[in-house]
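Reviewing the structure listed below.
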Amino acid sequence: MARTSGRRLPIAVVFAVHGAVGGAFATRIPWIQERVETGAGGLGLALLAPAVGTLLAMPVAGRLIHRIGGRTATRLLLAGWCLALVLPPLAPGLAVLWPVLLVYGALGGLADVAMNAQGVQIEETLGRPIMSGLHGMWSVGALAGAGTGVLAAHAGIDARPHLAVTALVLLGCGLLVSSFLPASRPGLDSVAPPHFALPGREVLGIGLVGACAVLAEGAAADWSAVYLRDVAGAGQGVAAVSYTAFALTMALARLGGDAVVARLGPVRTVRLGGVLALLGGLAVVLARDPLPAIAGFGLIGLGVAVVIPLAFTAGGRAAADPGQGVAGIATLTYSCLLVAPAAIGGIASLTSLPVSFALVTAGLAVMTASAGFLRPASV
């Protein structure tokens with residue numbers, strides 16, 4: 001057991017560090033908005049840049065990991081992601097903030113692929129599921145980073161020193177723990193992935209499962225509070241509870257998800273989660289009072305929590321090169337995450353929010369029905 005924990009702990013901390021960077025940044029967005037003197041429209045345009053940077057960078061991740069090795073790639077990219085946290089509050093205006101956030105997103109996406117590829121390889125070595133727990137540690141890190149950011153914001157601390165100190169602390173932690181990751185270099189007979197690789201056919205079905213889960217995740221994260229306010233008639237304080245319920249159930253399910261996957265296998269786990277998420281989606285669509293809507297969003301979080309970790313695992317196993325497979329899944333799912341909030345808003349403006357979430361619920365049905373794509377090829 002000690003040996004198993006020793007192999008798992010470094011990559012778990014890597015995930016937590018990655019999450020903490022994003023959590024810290026998110027809490028200081030209002031400060032950055034005031035510094036660059038932009039309104040909601042300009043801020044929305046700026047916040048599109050990290051997603052664009054992520055999507056542009058992910059197709060090259062497989063080649064980079066193959067070239068320099070998984071441990072080295074994870075260490076360098078995680079370090080770059082930590083250091084990139086220093087840059088956004090230094091931007092003097094929107095024209096500078098956009099390319100800064102583009103680089104920030106690109107480094108974050110590359111580090112995401114590298115650490116997930118490492119996680120898949122370590123899971124293979126251990127012979128038991130760990131990916132759900134790793135993504136749970138990402139959530140723990142994000143909550144910790146956000147917590148320190150909230151404290152700094154309430155204390156009136158300038159975001160520049162706050163994020164600089166946070167970046168240095170996380171950089172030191174990341175470099176330390178990543179040095180204990182297992183060395184991994186491609187074999188002499190392995191074929192290098194292309195310099196820029198779009199998702200291959202072997203991961204498209206897996207990507208469909210992940211994309212449906214991400215659609216629900218993005219919709220719940222961005223629209224749950226609005227749904228509670230506009231459809232269920234909740235006040236601002238109660239509306240905020242909806243996202244808390246969703247995020248909490250997702251984090252808890254991911255931390256405990258590996259035991260369920262080990263017992264039921266990935267396909268049955270996703271199907272069981274899909275049923276729970278479908279019940280949650282139906283509760284949200286039918287709810288006209290706060291309590292059933294909050295419960296519905298909590299069930300959605302519980303039901304989709306382990307899907308993305310399992311999709312990364314399946315993608316890493318399906319492709320000839322694990323890094324390329326993980327990059328393919330990441331590209332497909334992040335693309336869906338990018339368009340989901342705008343799609344929900346566009347459909348709601350033409351119809352209503354319940355209709356938008358009825359379509360999200362239909363996506364959850366597709367996820368449940370397509371769970372077989374996650375079945376290991378050897379089974």
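All residue names refer to the structure tokens as shown: chains lettered A, B, ... in order, residues numbered from 1 in each chain, ligands numbered from 1 in order.
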Would you write out, as CSV, a table of all residues in segment 305-325 of chain A that have an atom no more than 10 Å from an atom of segment 255-258 of chain A, listing for each the closest atom pair and the distance in Å to one decimal, considering only C-alpha atoms and ordering rows by chain and rising residue number?
```
residue,atom,partner,partner_atom,distance
A:Ala305,CA,A:Gly257,CA,8.1
A:Val306,CA,A:Gly257,CA,6.3
A:Val307,CA,A:Gly257,CA,9.9
A:Pro309,CA,A:Gly257,CA,9.7
A:Leu310,CA,A:Asp258,CA,9.7
```
Sorted by chain and rising residue number, which residues of segment 161-273 of chain A lie within 12 Å of segment 333-353 of chain A, and what are their closest atom pairs and distances in Å to one decimal, counting only C-alpha atoms, as JSON lines?
```
{"residue": "A:Leu198", "atom": "CA", "partner": "A:Ser335", "partner_atom": "CA", "distance": 12.0}
{"residue": "A:Pro199", "atom": "CA", "partner": "A:Thr333", "partner_atom": "CA", "distance": 10.8}
{"residue": "A:Val203", "atom": "CA", "partner": "A:Thr333", "partner_atom": "CA", "distance": 11.3}
{"residue": "A:Leu204", "atom": "CA", "partner": "A:Thr333", "partner_atom": "CA", "distance": 10.6}
{"residue": "A:Gly205", "atom": "CA", "partner": "A:Thr333", "partner_atom": "CA", "distance": 11.8}
{"residue": "A:Ile206", "atom": "CA", "partner": "A:Thr333", "partner_atom": "CA", "distance": 9.9}
{"residue": "A:Gly207", "atom": "CA", "partner": "A:Thr333", "partner_atom": "CA", "distance": 6.6}
{"residue": "A:Leu208", "atom": "CA", "partner": "A:Thr333", "partner_atom": "CA", "distance": 8.2}
{"residue": "A:Val209", "atom": "CA", "partner": "A:Thr333", "partner_atom": "CA", "distance": 9.1}
{"residue": "A:Gly210", "atom": "CA", "partner": "A:Thr333", "partner_atom": "CA", "distance": 5.9}
{"residue": "A:Ala211", "atom": "CA", "partner": "A:Thr333", "partner_atom": "CA", "distance": 4.7}
{"residue": "A:Cys212", "atom": "CA", "partner": "A:Cys336", "partner_atom": "CA", "distance": 8.2}
{"residue": "A:Ala213", "atom": "CA", "partner": "A:Thr333", "partner_atom": "CA", "distance": 8.5}
{"residue": "A:Val214", "atom": "CA", "partner": "A:Leu337", "partner_atom": "CA", "distance": 5.8}
{"residue": "A:Leu215", "atom": "CA", "partner": "A:Ala340", "partner_atom": "CA", "distance": 5.7}
{"residue": "A:Ala216", "atom": "CA", "partner": "A:Ala340", "partner_atom": "CA", "distance": 8.3}
{"residue": "A:Glu217", "atom": "CA", "partner": "A:Leu337", "partner_atom": "CA", "distance": 8.1}
{"residue": "A:Gly218", "atom": "CA", "partner": "A:Leu337", "partner_atom": "CA", "distance": 5.9}
{"residue": "A:Ala219", "atom": "CA", "partner": "A:Pro341", "partner_atom": "CA", "distance": 5.9}
{"residue": "A:Ala220", "atom": "CA", "partner": "A:Pro341", "partner_atom": "CA", "distance": 9.2}
{"residue": "A:Ala221", "atom": "CA", "partner": "A:Pro341", "partner_atom": "CA", "distance": 9.0}
{"residue": "A:Asp222", "atom": "CA", "partner": "A:Pro341", "partner_atom": "CA", "distance": 6.5}
{"residue": "A:Trp223", "atom": "CA", "partner": "A:Pro341", "partner_atom": "CA", "distance": 7.6}
{"residue": "A:Ser224", "atom": "CA", "partner": "A:Leu353", "partner_atom": "CA", "distance": 10.1}
{"residue": "A:Ala225", "atom": "CA", "partner": "A:Leu353", "partner_atom": "CA", "distance": 11.7}
{"residue": "A:Val226", "atom": "CA", "partner": "A:Leu353", "partner_atom": "CA", "distance": 9.1}
{"residue": "A:Tyr227", "atom": "CA", "partner": "A:Leu353", "partner_atom": "CA", "distance": 6.9}
{"residue": "A:Leu228", "atom": "CA", "partner": "A:Leu353", "partner_atom": "CA", "distance": 10.3}
{"residue": "A:Arg229", "atom": "CA", "partner": "A:Leu353", "partner_atom": "CA", "distance": 11.2}
{"residue": "A:Asp230", "atom": "CA", "partner": "A:Leu353", "partner_atom": "CA", "distance": 8.6}
{"residue": "A:Val231", "atom": "CA", "partner": "A:Leu353", "partner_atom": "CA", "distance": 7.6}
{"residue": "A:Ala232", "atom": "CA", "partner": "A:Leu353", "partner_atom": "CA", "distance": 10.8}
```
Closest to Leu278 of chain A among A:Leu171, A:Val366, A:Val241, A:Leu264, using only C-alpha atoms?
A:Val366
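You can rank A:Ala146, A:Ala253, A:Leu107, A:Val267 by their closest distance to Phe25 of chain A using only C-alpha atoms, and at the top of that list sits A:Ala146.
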What lies within 9 Å of Leu47 of chain A using only C-alpha atoms, ignoring chain neighbours under 5 positions off, as a PyMOL selection string?
chain A and resi 42+98+101
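If you count only C-alpha atoms and ignore residues fewer than 5 places along the chain from Leu55 of chain A, what sits within 10 Å of it is A:Ala49, A:Pro50, A:Val60, A:Gly105, A:Ala106, A:Gly109, A:Leu110, A:Ala327, A:Ala330, A:Thr331, A:Leu332, A:Thr333, A:Tyr334, A:Ser335, A:Leu338.
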Write out, as a JSON list (two decimals), in the first residue's frame, the residues just selected, with N, CA, C and O atoms.
```json
[["chain", "number", "residue", "atom", "x", "y", "z"],
["A", 49, "ALA", "N", -10.04, 34.19, -24.74],
["A", 49, "ALA", "CA", -8.66, 33.94, -25.17],
["A", 49, "ALA", "C", -8.06, 32.68, -24.54],
["A", 49, "ALA", "O", -7.39, 31.91, -25.25],
["A", 50, "PRO", "N", -8.22, 32.42, -23.24],
["A", 50, "PRO", "CA", -7.63, 31.17, -22.70],
["A", 50, "PRO", "C", -8.17, 29.92, -23.37],
["A", 50, "PRO", "O", -7.41, 28.97, -23.62],
["A", 60, "VAL", "N", -0.79, 19.89, -30.51],
["A", 60, "VAL", "CA", 0.66, 19.69, -30.59],
["A", 60, "VAL", "C", 1.20, 18.98, -29.35],
["A", 60, "VAL", "O", 2.39, 18.67, -29.28],
["A", 105, "GLY", "N", -3.72, 30.37, -21.51],
["A", 105, "GLY", "CA", -4.56, 29.23, -21.83],
["A", 105, "GLY", "C", -3.80, 28.12, -22.54],
["A", 105, "GLY", "O", -4.04, 26.94, -22.29],
["A", 106, "ALA", "N", -2.89, 28.51, -23.44],
["A", 106, "ALA", "CA", -2.11, 27.50, -24.17],
["A", 106, "ALA", "C", -1.25, 26.68, -23.22],
["A", 106, "ALA", "O", -1.20, 25.44, -23.31],
["A", 109, "GLY", "N", -3.46, 24.38, -21.14],
["A", 109, "GLY", "CA", -3.94, 23.23, -21.89],
["A", 109, "GLY", "C", -2.87, 22.19, -22.13],
["A", 109, "GLY", "O", -3.12, 20.98, -22.02],
["A", 110, "LEU", "N", -1.66, 22.64, -22.45],
["A", 110, "LEU", "CA", -0.56, 21.70, -22.66],
["A", 110, "LEU", "C", -0.23, 20.95, -21.37],
["A", 110, "LEU", "O", 0.00, 19.73, -21.38],
["A", 327, "ALA", "N", -4.60, 14.02, -25.82],
["A", 327, "ALA", "CA", -4.75, 15.31, -26.50],
["A", 327, "ALA", "C", -5.99, 15.32, -27.38],
["A", 327, "ALA", "O", -6.70, 16.34, -27.46],
["A", 330, "ALA", "N", -9.00, 15.67, -25.12],
["A", 330, "ALA", "CA", -9.02, 17.03, -24.57],
["A", 330, "ALA", "C", -9.50, 18.03, -25.61],
["A", 330, "ALA", "O", -10.27, 18.95, -25.30],
["A", 331, "THR", "N", -9.04, 17.89, -26.85],
["A", 331, "THR", "CA", -9.45, 18.81, -27.90],
["A", 331, "THR", "C", -10.96, 18.74, -28.13],
["A", 331, "THR", "O", -11.64, 19.77, -28.24],
["A", 332, "LEU", "N", -11.50, 17.52, -28.19],
["A", 332, "LEU", "CA", -12.94, 17.36, -28.42],
["A", 332, "LEU", "C", -13.76, 17.91, -27.25],
["A", 332, "LEU", "O", -14.74, 18.64, -27.45],
["A", 333, "THR", "N", -13.36, 17.59, -26.04],
["A", 333, "THR", "CA", -14.17, 18.00, -24.89],
["A", 333, "THR", "C", -14.05, 19.50, -24.63],
["A", 333, "THR", "O", -15.04, 20.16, -24.31],
["A", 334, "TYR", "N", -12.84, 20.07, -24.77],
["A", 334, "TYR", "CA", -12.69, 21.49, -24.54],
["A", 334, "TYR", "C", -13.39, 22.31, -25.62],
["A", 334, "TYR", "O", -13.85, 23.42, -25.37],
["A", 335, "SER", "N", -13.46, 21.77, -26.83],
["A", 335, "SER", "CA", -14.22, 22.45, -27.88],
["A", 335, "SER", "C", -15.68, 22.56, -27.49],
["A", 335, "SER", "O", -16.31, 23.61, -27.66],
["A", 338, "LEU", "N", -16.17, 25.08, -24.78],
["A", 338, "LEU", "CA", -16.06, 26.45, -25.28],
["A", 338, "LEU", "C", -17.39, 26.95, -25.82],
["A", 338, "LEU", "O", -17.79, 28.09, -25.59]]
```
Nearest residue to Asp158 of chain A from the set A:Arg28, A:Arg375, A:His18, A:Arg7 (distances using only C-alpha atoms):
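Under the stated criterion, the closest residue is A:Arg28.
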For Ala283 of chain A, which residue out of A:Gly156, A:Gly70, A:Gly296, A:Gly80 is the nearest one, using only C-alpha atoms?
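Among the listed residues, A:Gly296 lies closest to Ala283 of chain A.
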So which residues touch Leu87 of chain A within 12 Å, counting only C-alpha atoms, skipping near sequence neighbours fewer than 6 positions away, as a ChimeraX atom specification?
/A:25,32,80-81,96-105,159-164,167
So, counting only C-alpha atoms, which residue among A:Ala262, A:Ala117, A:Ala365, A:Ala91 is closest to Leu181 of chain A?
A:Ala117
Any idea what's packed within 9 Å of Leu78 of chain A, counting only C-alpha atoms, ignoring anything in its chain fewer than 4 positions away? Could you give it as a PDB file with N, CA, C and O atoms, in the first residue's frame?
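File around-v7.pdb, as written:
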```
ATOM      1  N   VAL A  14       0.360  17.207  -8.435  1.00  0.00           N
ATOM      2  CA  VAL A  14       0.457  17.937  -9.703  1.00  0.00           C
ATOM      3  C   VAL A  14      -0.921  18.412 -10.143  1.00  0.00           C
ATOM      4  O   VAL A  14      -1.107  19.571 -10.543  1.00  0.00           O
ATOM      5  N   VAL A  17      -2.004  21.302  -7.938  1.00  0.00           N
ATOM      6  CA  VAL A  17      -1.306  22.546  -8.282  1.00  0.00           C
ATOM      7  C   VAL A  17      -1.927  23.177  -9.532  1.00  0.00           C
ATOM      8  O   VAL A  17      -2.164  24.390  -9.589  1.00  0.00           O
ATOM      9  N   HIS A  18      -2.197  22.356 -10.523  1.00  0.00           N
ATOM     10  CA  HIS A  18      -2.811  22.866 -11.756  1.00  0.00           C
ATOM     11  C   HIS A  18      -4.161  23.513 -11.449  1.00  0.00           C
ATOM     12  O   HIS A  18      -4.469  24.613 -11.938  1.00  0.00           O
ATOM     13  N   ALA A  73       7.958  16.809 -19.783  1.00  0.00           N
ATOM     14  CA  ALA A  73       6.905  17.667 -20.324  1.00  0.00           C
ATOM     15  C   ALA A  73       5.997  18.179 -19.212  1.00  0.00           C
ATOM     16  O   ALA A  73       5.641  19.371 -19.179  1.00  0.00           O
ATOM     17  N   THR A  74       5.635  17.304 -18.286  1.00  0.00           N
ATOM     18  CA  THR A  74       4.769  17.720 -17.188  1.00  0.00           C
ATOM     19  C   THR A  74       5.451  18.769 -16.328  1.00  0.00           C
ATOM     20  O   THR A  74       4.841  19.780 -15.952  1.00  0.00           O
ATOM     21  N   CYS A  82       2.275  27.836 -14.023  1.00  0.00           N
ATOM     22  CA  CYS A  82       2.372  28.576 -12.759  1.00  0.00           C
ATOM     23  C   CYS A  82       2.899  29.990 -12.986  1.00  0.00           C
ATOM     24  O   CYS A  82       2.341  30.968 -12.465  1.00  0.00           O
ATOM     25  N   LEU A  83       3.958  30.112 -13.761  1.00  0.00           N
ATOM     26  CA  LEU A  83       4.549  31.425 -14.008  1.00  0.00           C
ATOM     27  C   LEU A  83       3.621  32.331 -14.813  1.00  0.00           C
ATOM     28  O   LEU A  83       3.634  33.559 -14.653  1.00  0.00           O
ATOM     29  N   LEU A 107      -0.577  27.351 -22.282  1.00  0.00           N
ATOM     30  CA  LEU A 107       0.266  26.641 -21.324  1.00  0.00           C
ATOM     31  C   LEU A 107      -0.577  25.755 -20.396  1.00  0.00           C
ATOM     32  O   LEU A 107      -0.196  24.631 -20.066  1.00  0.00           O
ATOM     33  N   GLY A 108      -1.724  26.273 -19.991  1.00  0.00           N
ATOM     34  CA  GLY A 108      -2.604  25.477 -19.138  1.00  0.00           C
ATOM     35  C   GLY A 108      -3.109  24.238 -19.846  1.00  0.00           C
ATOM     36  O   GLY A 108      -3.173  23.156 -19.252  1.00  0.00           O
ATOM     37  N   LEU A 110      -1.662  22.637 -22.452  1.00  0.00           N
ATOM     38  CA  LEU A 110      -0.557  21.701 -22.656  1.00  0.00           C
ATOM     39  C   LEU A 110      -0.232  20.948 -21.365  1.00  0.00           C
ATOM     40  O   LEU A 110      -0.003  19.733 -21.380  1.00  0.00           O
ATOM     41  N   ALA A 111      -0.187  21.687 -20.252  1.00  0.00           N
ATOM     42  CA  ALA A 111       0.082  21.034 -18.964  1.00  0.00           C
ATOM     43  C   ALA A 111      -1.025  20.047 -18.615  1.00  0.00           C
ATOM     44  O   ALA A 111      -0.763  18.969 -18.060  1.00  0.00           O
ATOM     45  N   ASP A 112      -2.258  20.393 -18.951  1.00  0.00           N
ATOM     46  CA  ASP A 112      -3.394  19.512 -18.700  1.00  0.00           C
ATOM     47  C   ASP A 112      -3.219  18.178 -19.425  1.00  0.00           C
ATOM     48  O   ASP A 112      -3.397  17.101 -18.846  1.00  0.00           O
ATOM     49  N   ALA A 114      -0.398  16.868 -20.605  1.00  0.00           N
ATOM     50  CA  ALA A 114       0.788  16.160 -20.117  1.00  0.00           C
ATOM     51  C   ALA A 114       0.505  15.437 -18.807  1.00  0.00           C
ATOM     52  O   ALA A 114       0.873  14.271 -18.627  1.00  0.00           O
ATOM     53  N   MET A 115      -0.166  16.112 -17.864  1.00  0.00           N
ATOM     54  CA  MET A 115      -0.390  15.468 -16.565  1.00  0.00           C
ATOM     55  C   MET A 115      -1.427  14.359 -16.678  1.00  0.00           C
ATOM     56  O   MET A 115      -1.332  13.339 -15.981  1.00  0.00           O
ATOM     57  N   LEU A 171       4.790  27.130  -8.065  1.00  0.00           N
ATOM     58  CA  LEU A 171       5.914  26.707  -8.894  1.00  0.00           C
ATOM     59  C   LEU A 171       6.858  25.812  -8.094  1.00  0.00           C
ATOM     60  O   LEU A 171       7.262  24.735  -8.570  1.00  0.00           O
ATOM     61  N   GLY A 174       5.157  22.504  -7.444  1.00  0.00           N
ATOM     62  CA  GLY A 174       5.051  21.716  -8.664  1.00  0.00           C
ATOM     63  C   GLY A 174       6.366  21.100  -9.086  1.00  0.00           C
ATOM     64  O   GLY A 174       6.432  19.932  -9.476  1.00  0.00           O
ATOM     65  N   LEU A 175       7.437  21.898  -9.024  1.00  0.00           N
ATOM     66  CA  LEU A 175       8.753  21.382  -9.410  1.00  0.00           C
ATOM     67  C   LEU A 175       9.217  20.275  -8.463  1.00  0.00           C
ATOM     68  O   LEU A 175       9.835  19.298  -8.888  1.00  0.00           O
ATOM     69  N   SER A 178       6.838  17.038  -9.022  1.00  0.00           N
ATOM     70  CA  SER A 178       6.957  16.445 -10.353  1.00  0.00           C
ATOM     71  C   SER A 178       8.288  15.740 -10.558  1.00  0.00           C
ATOM     72  O   SER A 178       8.427  14.900 -11.443  1.00  0.00           O
TER      73      SER A 178
END
```
A:Met137, A:Leu359, A:Ala95, A:Ile65: which is nearest Val36 of chain A, counting only C-alpha atoms?
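The shortest atom-to-atom distance to Val36 of chain A comes from A:Ala95.
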